[in-house]
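Colleague: Contents of start_39.cif (mmCIF, C-alpha atoms):
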data_query
loop_
_atom_site.group_PDB
_atom_site.id
_atom_site.type_symbol
_atom_site.label_atom_id
_atom_site.label_comp_id
_atom_site.auth_asym_id
_atom_site.auth_seq_id
_atom_site.Cartn_x
_atom_site.Cartn_y
_atom_site.Cartn_z
ATOM 1 C CA MET L 1 -7.444 -2.451 -52.776
ATOM 2 C CA THR L 2 -4.280 -0.443 -52.165
ATOM 3 C CA ASN L 3 -2.639 -1.016 -48.805
ATOM 4 C CA VAL L 4 -2.498 2.153 -46.679
ATOM 5 C CA THR L 5 -0.433 2.379 -43.521
ATOM 6 C CA VAL L 6 -0.742 4.945 -40.802
ATOM 7 C CA GLN L 7 2.663 6.337 -39.934
ATOM 8 C CA LYS L 8 1.792 9.234 -37.721
ATOM 9 C CA MET L 9 -1.151 10.325 -35.616
ATOM 10 C CA VAL L 10 -1.775 13.102 -33.130
ATOM 11 C CA LEU L 11 -4.368 12.421 -30.456
ATOM 12 C CA ASP L 12 -6.130 14.702 -27.990
ATOM 13 C CA VAL L 13 -6.367 12.655 -24.808
ATOM 14 C CA LEU L 14 -7.855 13.242 -21.382
ATOM 15 C CA LYS L 15 -6.009 11.222 -18.745
ATOM 16 C CA PRO L 16 -6.008 10.861 -14.972
ATOM 17 C CA MET L 17 -2.931 12.232 -13.192
ATOM 18 C CA GLU L 18 -1.781 8.689 -12.490
ATOM 19 C CA PRO L 19 -0.455 6.726 -14.326
ATOM 20 C CA SER L 20 1.969 9.478 -15.384
ATOM 21 C CA MET L 21 2.772 10.640 -18.932
ATOM 22 C CA LEU L 22 6.041 8.686 -18.676
ATOM 23 C CA GLU L 23 4.153 5.476 -18.007
ATOM 24 C CA LEU L 24 1.634 6.155 -20.792
ATOM 25 C CA SER L 25 4.393 6.997 -23.260
ATOM 26 C CA SER L 26 6.285 3.783 -22.398
ATOM 27 C CA ASN L 27 3.145 1.694 -22.753
ATOM 28 C CA ILE L 28 2.365 3.082 -26.213
ATOM 29 C CA ASN L 29 5.991 2.821 -27.311
ATOM 30 C CA SER L 30 6.063 -0.855 -26.386
ATOM 31 C CA LEU L 31 3.546 -1.603 -29.169
ATOM 32 C CA GLU L 32 4.836 -3.171 -32.361
ATOM 33 C CA GLY L 33 4.955 -0.699 -35.222
ATOM 34 C CA VAL L 34 5.432 2.304 -32.925
ATOM 35 C CA GLU L 35 8.805 4.004 -33.144
ATOM 36 C CA SER L 36 8.402 7.194 -31.157
ATOM 37 C CA VAL L 37 5.902 8.833 -28.844
ATOM 38 C CA SER L 38 5.769 12.458 -27.794
ATOM 39 C CA ILE L 39 3.346 13.785 -25.192
ATOM 40 C CA ASP L 40 2.675 17.484 -24.607
ATOM 41 C CA LEU L 41 0.724 18.765 -21.643
ATOM 42 C CA LEU L 42 -2.068 21.098 -22.671
ATOM 43 C CA GLU L 43 -4.083 21.579 -19.499
ATOM 44 C CA ILE L 44 -3.877 20.373 -15.950
ATOM 45 C CA ASP L 45 -6.387 20.084 -13.156
ATOM 46 C CA LYS L 46 -6.318 18.526 -9.660
ATOM 47 C CA LYS L 47 -7.121 15.046 -10.883
ATOM 48 C CA VAL L 48 -6.895 15.008 -14.684
ATOM 49 C CA GLU L 49 -4.701 16.366 -17.454
ATOM 50 C CA ASN L 50 -5.342 17.044 -21.106
ATOM 51 C CA VAL L 51 -2.440 15.990 -23.331
ATOM 52 C CA LYS L 52 -1.519 15.814 -26.980
ATOM 53 C CA ILE L 53 0.093 12.524 -27.964
ATOM 54 C CA SER L 54 2.111 12.345 -31.177
ATOM 55 C CA ILE L 55 2.846 8.813 -32.262
ATOM 56 C CA SER L 56 4.934 7.777 -35.223
ATOM 57 C CA GLY L 57 6.241 4.528 -36.591
ATOM 58 C CA PRO L 58 6.266 2.332 -39.676
ATOM 59 C CA THR L 59 2.807 0.836 -39.018
ATOM 60 C CA LEU L 60 0.472 2.241 -36.402
ATOM 61 C CA ILE L 61 -2.650 0.297 -35.466
ATOM 62 C CA TYR L 62 -5.246 2.634 -33.999
ATOM 63 C CA ASP L 63 -7.192 -0.086 -32.119
ATOM 64 C CA ASP L 64 -4.060 -1.297 -30.309
ATOM 65 C CA ILE L 65 -3.090 2.252 -29.401
ATOM 66 C CA ASN L 66 -6.632 2.991 -28.211
ATOM 67 C CA ASN L 67 -6.662 -0.158 -26.064
ATOM 68 C CA VAL L 68 -3.386 0.810 -24.394
ATOM 69 C CA ILE L 69 -4.606 4.353 -23.728
ATOM 70 C CA GLU L 70 -7.947 3.108 -22.355
ATOM 71 C CA SER L 71 -6.219 0.558 -20.106
ATOM 72 C CA THR L 72 -4.503 3.410 -18.248
ATOM 73 C CA GLY L 73 -7.852 5.075 -17.616
ATOM 74 C CA ALA L 74 -7.355 7.735 -20.297
ATOM 75 C CA THR L 75 -9.745 8.573 -23.156
ATOM 76 C CA ILE L 76 -9.081 9.710 -26.710
ATOM 77 C CA HIS L 77 -11.167 12.824 -27.292
ATOM 78 C CA SER L 78 -10.166 13.366 -30.909
ATOM 79 C CA ILE L 79 -7.694 12.499 -33.625
ATOM 80 C CA ASP L 80 -6.137 15.852 -34.490
ATOM 81 C CA ASN L 81 -3.742 14.741 -37.173
ATOM 82 C CA VAL L 82 -3.020 11.614 -39.148
ATOM 83 C CA PHE L 83 -0.377 10.816 -41.744
ATOM 84 C CA THR L 84 -0.727 7.767 -43.966
ATOM 85 C CA THR L 85 1.314 6.312 -46.809
ATOM 86 C CA LYS L 86 0.445 3.984 -49.611
ATOM 87 C CA GLY L 87 1.840 0.465 -49.596
ATOM 88 C CA THR L 88 3.366 -1.629 -46.795
ATOM 89 C CA PRO L 89 6.744 -0.491 -45.483
ATOM 90 C CA ALA L 90 9.724 -2.733 -46.372
ATOM 91 C CA SER L 91 10.199 -5.554 -43.851
ATOM 92 C CA ASP L 92 13.610 -4.219 -42.713
ATOM 93 C CA GLU L 93 11.912 -0.981 -41.613
ATOM 94 C CA LEU L 94 9.780 -2.969 -39.083
ATOM 95 C CA MET Y 1 12.467 -9.647 -7.145
ATOM 96 C CA PRO Y 2 11.707 -10.572 -10.771
ATOM 97 C CA GLU Y 3 11.735 -7.553 -13.085
ATOM 98 C CA ARG Y 4 8.083 -7.948 -14.069
ATOM 99 C CA ILE Y 5 6.798 -8.041 -10.483
ATOM 100 C CA LYS Y 6 8.919 -5.034 -9.541
ATOM 101 C CA ALA Y 7 7.591 -3.067 -12.534
ATOM 102 C CA LYS Y 8 4.015 -3.959 -11.554
ATOM 103 C CA MET Y 9 4.575 -2.931 -7.929
ATOM 104 C CA ASP Y 10 6.149 0.361 -9.062
ATOM 105 C CA GLN Y 11 3.112 0.986 -11.230
ATOM 106 C CA TYR Y 12 0.721 0.274 -8.349
ATOM 107 C CA GLU Y 13 2.787 2.524 -6.079
ATOM 108 C CA GLU Y 14 2.698 5.371 -8.593
ATOM 109 C CA ILE Y 15 -1.086 5.182 -8.874
ATOM 110 C CA THR Y 16 -2.000 4.585 -5.219
ATOM 111 C CA SER Y 17 0.960 5.687 -3.025
ATOM 112 C CA MET Y 18 0.228 2.522 -1.072
ATOM 113 C CA SER Y 19 3.646 2.383 0.650
ATOM 114 C CA GLN Y 20 2.947 5.569 2.552
ATOM 115 C CA LEU Y 21 -0.371 4.221 3.782
ATOM 116 C CA ALA Y 22 1.139 0.815 4.567
ATOM 117 C CA ARG Y 23 3.885 2.436 6.681
ATOM 118 C CA ARG Y 24 1.290 4.382 8.614
ATOM 119 C CA TYR Y 25 -0.802 1.262 9.283
ATOM 120 C CA PHE Y 26 2.308 -0.731 10.137
ATOM 121 C CA VAL Y 27 3.400 1.716 12.821
ATOM 122 C CA THR Y 28 0.020 2.432 14.380
ATOM 123 C CA ASN Y 29 -1.055 -1.175 14.423
ATOM 124 C CA THR Y 30 2.230 -2.565 15.660
ATOM 125 C CA PHE Y 31 1.905 -0.055 18.494
ATOM 126 C CA ASP Y 32 -1.632 -1.344 19.093
ATOM 127 C CA GLY Y 33 -0.377 -4.909 19.169
ATOM 128 C CA VAL Y 34 2.529 -4.220 21.517
ATOM 129 C CA LEU Y 35 0.420 -2.123 23.882
ATOM 130 C CA THR Y 36 -2.357 -4.705 23.885
ATOM 131 C CA ILE Y 37 -0.060 -7.584 24.776
ATOM 132 C CA PHE Y 38 1.857 -5.415 27.219
ATOM 133 C CA GLY Y 39 -1.400 -4.516 28.974
ATOM 134 C CA VAL Y 40 -2.600 -8.127 29.007
ATOM 135 C CA LEU Y 41 0.705 -9.405 30.391
ATOM 136 C CA LEU Y 42 1.148 -6.672 32.967
ATOM 137 C CA GLY Y 43 -2.410 -7.104 34.137
ATOM 138 C CA SER Y 44 -1.922 -10.886 34.340
ATOM 139 C CA PHE Y 45 1.339 -10.433 36.224
ATOM 140 C CA LEU Y 46 -0.151 -8.072 38.761
ATOM 141 C CA ALA Y 47 -3.184 -10.346 39.155
ATOM 142 C CA GLY Y 48 -0.863 -13.268 39.874
ATOM 143 C CA LEU Y 49 -1.707 -15.398 36.817
ATOM 144 C CA MET Y 50 1.014 -18.051 36.612
ATOM 145 C CA ASP Y 51 -0.220 -20.571 34.043
ATOM 146 C CA PRO Y 52 1.636 -19.985 30.740
ATOM 147 C CA HIS Y 53 -0.936 -21.976 28.765
ATOM 148 C CA VAL Y 54 -3.727 -19.674 29.906
ATOM 149 C CA ILE Y 55 -1.645 -16.606 29.124
ATOM 150 C CA VAL Y 56 -0.745 -17.876 25.636
ATOM 151 C CA THR Y 57 -4.361 -18.796 24.833
ATOM 152 C CA MET Y 58 -5.677 -15.488 26.118
ATOM 153 C CA SER Y 59 -3.041 -13.472 24.297
ATOM 154 C CA LEU Y 60 -3.379 -15.316 21.003
ATOM 155 C CA GLY Y 61 -7.130 -14.837 21.272
ATOM 156 C CA ALA Y 62 -6.586 -11.109 21.564
ATOM 157 C CA GLY Y 63 -4.118 -11.270 18.669
ATOM 158 C CA ALA Y 64 -6.595 -13.119 16.465
ATOM 159 C CA ALA Y 65 -9.285 -10.549 17.238
ATOM 160 C CA ILE Y 66 -6.946 -7.670 16.418
ATOM 161 C CA PHE Y 67 -5.887 -9.421 13.183
ATOM 162 C CA VAL Y 68 -9.452 -9.951 11.973
ATOM 163 C CA SER Y 69 -10.498 -6.472 13.060
ATOM 164 C CA GLY Y 70 -7.479 -4.920 11.344
ATOM 165 C CA VAL Y 71 -7.840 -6.776 8.049
ATOM 166 C CA TRP Y 72 -11.610 -6.502 7.755
ATOM 167 C CA GLY Y 73 -11.978 -2.974 9.109
ATOM 168 C CA THR Y 74 -9.242 -1.582 6.890
ATOM 169 C CA TYR Y 75 -10.487 -3.510 3.861
ATOM 170 C CA LEU Y 76 -13.982 -2.035 4.220
ATOM 171 C CA ALA Y 77 -12.721 1.490 4.929
ATOM 172 C CA GLU Y 78 -10.129 1.509 2.140
ATOM 173 C CA SER Y 79 -12.570 -0.003 -0.375
ATOM 174 C CA ALA Y 80 -15.139 2.651 0.442
ATOM 175 C CA GLU Y 81 -12.631 5.514 0.219
ATOM 176 C CA ARG Y 82 -11.084 4.281 -3.029
ATOM 177 C CA THR Y 83 -14.489 3.646 -4.590
ATOM 178 C CA LYS Y 84 -15.535 7.206 -3.758
ATOM 179 C CA SER Y 85 -12.278 8.572 -5.149
ATOM 180 C CA ARG Y 86 -12.628 6.499 -8.332
ATOM 181 C CA LYS Y 87 -16.243 7.607 -8.835
ATOM 182 C CA ASP Y 88 -15.118 11.260 -8.551
ATOM 183 C CA LEU Y 89 -12.466 10.586 -11.188
ATOM 184 C CA GLU Y 90 -14.977 8.789 -13.410
ATOM 185 C CA LYS Y 91 -17.164 11.896 -13.328
ATOM 186 C CA LYS Y 92 -14.237 14.016 -14.529
ATOM 187 C CA MET Y 93 -13.125 11.455 -17.110
ATOM 188 C CA LEU Y 94 -16.713 10.791 -18.281
ATOM 189 C CA ARG Y 95 -15.952 7.091 -18.447
ATOM 190 C CA ASN Y 96 -15.987 3.964 -16.382
ATOM 191 C CA LEU Y 97 -12.610 3.026 -14.923
ATOM 192 C CA ASP Y 98 -13.239 -0.702 -14.381
ATOM 193 C CA GLN Y 99 -10.792 -2.977 -16.235
ATOM 194 C CA THR Y 100 -8.057 -0.309 -16.136
ATOM 195 C CA GLN Y 101 -4.658 -0.136 -14.453
ATOM 196 C CA ILE Y 102 -6.224 2.238 -11.940
ATOM 197 C CA SER Y 103 -8.849 -0.208 -10.660
ATOM 198 C CA GLU Y 104 -6.303 -3.043 -10.676
ATOM 199 C CA ALA Y 105 -3.843 -0.949 -8.639
ATOM 200 C CA GLU Y 106 -6.527 0.116 -6.185
ATOM 201 C CA ARG Y 107 -7.721 -3.470 -5.640
ATOM 202 C CA PHE Y 108 -4.167 -4.556 -4.918
ATOM 203 C CA ALA Y 109 -3.462 -1.597 -2.633
ATOM 204 C CA THR Y 110 -6.645 -2.215 -0.623
ATOM 205 C CA ILE Y 111 -5.736 -5.859 0.006
ATOM 206 C CA TYR Y 112 -2.089 -4.987 0.666
ATOM 207 C CA VAL Y 113 -2.727 -2.328 3.316
ATOM 208 C CA SER Y 114 -5.483 -4.441 4.912
ATOM 209 C CA LEU Y 115 -3.063 -7.332 5.365
ATOM 210 C CA ILE Y 116 -0.391 -5.001 6.778
ATOM 211 C CA ASP Y 117 -2.973 -3.606 9.188
ATOM 212 C CA GLY Y 118 -3.911 -7.057 10.455
ATOM 213 C CA ILE Y 119 -0.571 -8.848 10.360
ATOM 214 C CA SER Y 120 1.540 -6.129 12.053
ATOM 215 C CA PRO Y 121 -0.085 -6.325 15.511
ATOM 216 C CA LEU Y 122 -0.360 -10.120 15.332
ATOM 217 C CA VAL Y 123 3.344 -10.513 14.586
ATOM 218 C CA ALA Y 124 4.168 -8.115 17.432
ATOM 219 C CA ILE Y 125 2.004 -10.125 19.834
ATOM 220 C CA ILE Y 126 3.513 -13.459 18.777
ATOM 221 C CA PHE Y 127 7.020 -12.006 19.100
ATOM 222 C CA VAL Y 128 6.346 -10.820 22.659
ATOM 223 C CA LEU Y 129 4.811 -14.193 23.545
ATOM 224 C CA ILE Y 130 7.943 -16.185 22.612
ATOM 225 C CA PRO Y 131 9.075 -16.486 26.278
ATOM 226 C CA PHE Y 132 5.631 -17.846 27.182
ATOM 227 C CA PHE Y 133 5.849 -20.480 24.460
ATOM 228 C CA ALA Y 134 9.144 -21.448 26.102
ATOM 229 C CA ALA Y 135 7.495 -21.421 29.552
ATOM 230 C CA ALA Y 136 4.598 -23.550 28.269
ATOM 231 C CA SER Y 137 7.222 -26.051 27.091
ATOM 232 C CA SER Y 138 8.855 -25.832 30.553
ATOM 233 C CA LEU Y 139 12.049 -24.402 29.079
ATOM 234 C CA ILE Y 140 11.985 -21.341 31.355
ATOM 235 C CA GLY Y 141 10.122 -20.344 34.514
ATOM 236 C CA ILE Y 142 6.954 -18.269 34.348
ATOM 237 C CA VAL Y 143 8.397 -15.238 36.131
ATOM 238 C CA ASN Y 144 11.354 -15.198 33.725
ATOM 239 C CA ALA Y 145 8.861 -15.450 30.881
ATOM 240 C CA TYR Y 146 7.064 -12.353 32.153
ATOM 241 C CA TYR Y 147 10.267 -10.338 32.521
ATOM 242 C CA SER Y 148 11.541 -11.481 29.133
ATOM 243 C CA SER Y 149 8.259 -10.522 27.482
ATOM 244 C CA PHE Y 150 8.326 -7.092 29.088
ATOM 245 C CA LEU Y 151 11.852 -6.697 27.747
ATOM 246 C CA LEU Y 152 10.665 -7.687 24.261
ATOM 247 C CA CYS Y 153 7.925 -5.054 24.536
ATOM 248 C CA ILE Y 154 10.585 -2.462 25.317
ATOM 249 C CA VAL Y 155 12.611 -3.687 22.319
ATOM 250 C CA LEU Y 156 9.583 -3.216 20.088
ATOM 251 C CA PHE Y 157 8.841 0.251 21.449
ATOM 252 C CA VAL Y 158 12.440 1.251 20.745
ATOM 253 C CA PHE Y 159 12.320 -0.351 17.293
ATOM 254 C CA LEU Y 160 9.173 1.599 16.412
ATOM 255 C CA GLY Y 161 10.712 4.800 17.723
ATOM 256 C CA VAL Y 162 13.870 4.270 15.663
ATOM 257 C CA PHE Y 163 11.803 3.363 12.582
ATOM 258 C CA LEU Y 164 9.806 6.569 12.867
ATOM 259 C CA GLY Y 165 12.938 8.567 13.609
ATOM 260 C CA LYS Y 166 14.648 7.266 10.447
ATOM 261 C CA LEU Y 167 11.529 7.949 8.419
ATOM 262 C CA SER Y 168 11.229 11.544 9.585
ATOM 263 C CA LYS Y 169 15.021 12.019 9.791
ATOM 264 C CA GLU Y 170 14.720 13.053 13.435
ATOM 265 C CA ASN Y 171 17.040 12.259 16.316
ATOM 266 C CA LEU Y 172 16.714 8.483 16.785
ATOM 267 C CA LEU Y 173 17.246 8.612 20.570
ATOM 268 C CA VAL Y 174 14.515 11.218 21.001
ATOM 269 C CA SER Y 175 12.183 9.241 18.794
ATOM 270 C CA ALA Y 176 12.870 6.009 20.699
ATOM 271 C CA ALA Y 177 12.364 7.823 24.027
ATOM 272 C CA LYS Y 178 8.969 9.177 22.884
ATOM 273 C CA SER Y 179 7.967 5.684 21.923
ATOM 274 C CA LEU Y 180 9.098 4.223 25.251
ATOM 275 C CA MET Y 181 7.139 6.883 27.115
ATOM 276 C CA VAL Y 182 3.933 5.442 25.628
ATOM 277 C CA GLY Y 183 4.760 2.116 27.244
ATOM 278 C CA LEU Y 184 5.480 3.755 30.582
ATOM 279 C CA ILE Y 185 2.185 5.641 30.548
ATOM 280 C CA CYS Y 186 0.372 2.410 29.724
ATOM 281 C CA ALA Y 187 2.183 0.625 32.555
ATOM 282 C CA ALA Y 188 1.296 3.397 35.006
ATOM 283 C CA ILE Y 189 -2.400 3.215 34.097
ATOM 284 C CA ILE Y 190 -2.500 -0.584 34.378
ATOM 285 C CA TYR Y 191 -0.649 -0.524 37.692
ATOM 286 C CA THR Y 192 -3.126 2.031 39.058
ATOM 287 C CA ILE Y 193 -6.081 -0.082 37.919
ATOM 288 C CA SER Y 194 -4.500 -3.158 39.450
ATOM 289 C CA ALA Y 195 -3.838 -1.364 42.739
ATOM 290 C CA LEU Y 196 -7.470 -0.309 42.901
ATOM 291 C CA THR Y 197 -8.924 -3.695 42.008
ATOM 292 C CA THR Y 198 -6.582 -6.483 43.152
ATOM 293 C CA SER Y 199 -3.856 -7.055 45.733
ATOM 294 C CA PRO Y 200 -0.417 -6.527 44.149
ATOM 295 C CA LEU Y 201 1.863 -9.546 43.602
ATOM 296 C CA HIS Y 202 4.662 -9.759 46.205
#
Could you rewrite the structure in this file as structure tokens?
Modeller:
Amino acid sequence: MTNVTVQKMVLDVLKPMEPSMLELSSNINSLEGVESVSIDLLEIDKKVENVKISISGPTLIYDDINNVIESTGATIHSIDNVFTTKGTPASDEL
Amino acid sequence: MPERIKAKMDQYEEITSMSQLARRYFVTNTFDGVLTIFGVLLGSFLAGLMDPHVIVTMSLGAGAAIFVSGVWGTYLAESAERTKSRKDLEKKMLRNLDQTQISEAERFATIYVSLIDGISPLVAIIFVLIPFFAAASSLIGIVNAYYSSFLLCIVLFVFLGVFLGKLSKENLLVSAAKSLMVGLICAAIIYTISALTTSPLH
């Protein structure tokens, strides 16, 4: 079976106010295979905020990303966009 | 402080704002401790109690009670408040928040502020009792121990006043004076009670 790697995903996430977006972004970015993380604020409330997280990198592993997001108390509501490529990226790209 | 521990503490602080709460408990409970020992010592002095061993035992007993009360009472109250707050958040998040950074931070903060609440007055009491430890070891006389302890109480009142003054960026002298006034009021009340109930020490 052909190897497919996820290189970009956009997630709709509901998160508590704390930890902050900075903390969440750092946590996701510390994962292997993640190169950049961008978080946009969509809606804000007294205790929670709805954000859009754009993650890109040579090899994204959804389960790892989900675990990191869940560990901060946030929840992925939906995957709004995903970009995949065929084949494994060259080792020097990792 | 190792980098990892500092990062963890910063994370807990961001989630719980525990330093603010800890400062509040530190000040109020150190005040409690100083006023308690001040009252005990002044009352003992006016009643003519001259055995340092009795005074140390009595005072440490009071300190132990305040410590246990502080730790346990704050632990129960903070746990209850944080549980309520977390349950409200869980309703909004539509998920359980156990096993998350939030619950970990809240557990730590609860224990941290509880210990601050209990240890602050106990440390204040032990500090004020230092002259009596010396008197119990026959290093100084009992009357000198009393006067020295009263002086240490004044030092603590001033310290608390200055601490609060720095925190609120107010005039330090005014802040220290307000703090000292508390001690004077306490002394006046105890002296009045003593005058009504026992014969004053000559």
Colleague: Counting only C-alpha atoms, what is within 7 Å of segment 131-142 of chain Y, bar same-chain residues fewer than 6 positions away, as a PyMOL selection string?
Modeller: chain Y and resi 50+52-53+56+148-149
Colleague: Determine, using all atoms listed in the file, which residues of chain Y have any atom at most 9 Å from an atom of chain L, and tabulate each with its shortest atom pair and distance in Å to one decimal place, rows ordered by chain and then rising number, as a tab-separated table.
Modeller:
residue	atom	partner	partner_atom	distance
Y:Gln11	CA	L:Pro19	CA	7.4
Y:Tyr12	CA	L:Pro19	CA	8.9
Y:Glu14	CA	L:Pro19	CA	6.7
Y:Ile15	CA	L:Glu18	CA	5.1
Y:Thr16	CA	L:Glu18	CA	8.4
Y:Leu89	CA	L:Lys47	CA	7.0
Y:Lys92	CA	L:Val48	CA	7.4
Y:Met93	CA	L:Leu14	CA	7.0
Y:Leu94	CA	L:Thr75	CA	8.8
Y:Arg95	CA	L:Thr75	CA	7.9
Y:Asn96	CA	L:Gly73	CA	8.3
Y:Leu97	CA	L:Gly73	CA	5.8
Y:Asp98	CA	L:Gly73	CA	8.5
Y:Gln99	CA	L:Ser71	CA	7.0
Y:Thr100	CA	L:Ser71	CA	4.5
Y:Gln101	CA	L:Thr72	CA	5.2
Y:Ile102	CA	L:Gly73	CA	6.6
Y:Ser103	CA	L:Gly73	CA	8.8
Colleague: Starting from the shown file, work through the PyMOL selection byres ((chain Y and resi 37-43) around 7) and note down what comes out as a list in words.
Modeller: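 Matching residues under the PyMOL selection byres ((chain Y and resi 37-43) around 7) are Gly33, Val34, Leu35, Thr36, Ser44, Phe45, Leu46, Ala47, Ser59, Ile125, Phe150, Cys153, Ile190 and Ser194 of chain Y.
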Colleague: List as a PDB file with C-alpha atoms, in the frame of the given file the protein and nucleic acid residues near Gly57 of chain L, meaning an atom at most 7 Å away when all atoms listed in the file are counted, but skip any in the same chain fewer than 5 places from it.
Modeller:
ATOM      1  CA  GLN L   7       2.663   6.337 -39.934  1.00  0.00           C
ATOM      2  CA  LYS L   8       1.792   9.234 -37.721  1.00  0.00           C
ATOM      3  CA  GLY L  33       4.955  -0.699 -35.222  1.00  0.00           C
ATOM      4  CA  VAL L  34       5.432   2.304 -32.925  1.00  0.00           C
ATOM      5  CA  GLU L  35       8.805   4.004 -33.144  1.00  0.00           C
ATOM      6  CA  SER L  36       8.402   7.194 -31.157  1.00  0.00           C
TER       7      SER L  36
END
Colleague: Mind listing whatever residues come within 12 Å of the point (-3.9, -2.5, -31.3)? Use all atoms listed in the file, file coordinates, and give them as a list of chain:residue names.
Modeller: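 Looking at atoms near the point gives L:Asn27, L:Ile28, L:Asn29, L:Ser30, L:Leu31, L:Glu32, L:Gly33, L:Val34, L:Thr59, L:Leu60, L:Ile61, L:Tyr62, L:Asp63, L:Asp64, L:Ile65, L:Asn66, L:Asn67, L:Val68, L:Ile69, L:Glu70, L:Ser71.
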Colleague: Take the PyMOL selection byres ((chain Y and resi 78) around 12), run it mentally on this structure, and tell me the resulting residues as a count of residues only.
Modeller: 32
Colleague: On this structure, which residues satisfy the PyMOL selection byres ((chain L and resi 79) around 6), written as JSON, numbers by chain?
Modeller: {"L": [10, 11, 78, 80, 81]}
Colleague: So, with only C-alpha atoms as the atoms that count, which of Y:Leu60, Y:Lys8, Y:Val155, Y:Leu172 lies closest to Val123 of chain Y?
Modeller: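 Of all the options, Y:Leu60 lies closest to Val123 of chain Y.
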Colleague: Could you state the separation of atom CA of Val27 of chain Y and atom CA of Thr57 of chain Y in Å, given to one decimal place?
Modeller: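 Rounded to one decimal, the two atoms are 25.0 Å apart.
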Colleague: Is it possible to get the residues within 7 Å of (1.9, 14.5, -29.6) (coordinates as in the file, counting all atoms listed in the file) written as a list in words?
Modeller: Val10, Leu11, Val37, Ser38, Ile39, Asp40, Lys52, Ile53, Ser54 and Ile55 of chain L
Colleague: Quote the spacing between atom CA of Phe163 of chain Y and atom CA of Ser179 of chain Y in Å to one decimal place.
Modeller: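 According to the coordinates, atom CA of Phe163 of chain Y and atom CA of Ser179 of chain Y are separated by 10.4 Å.
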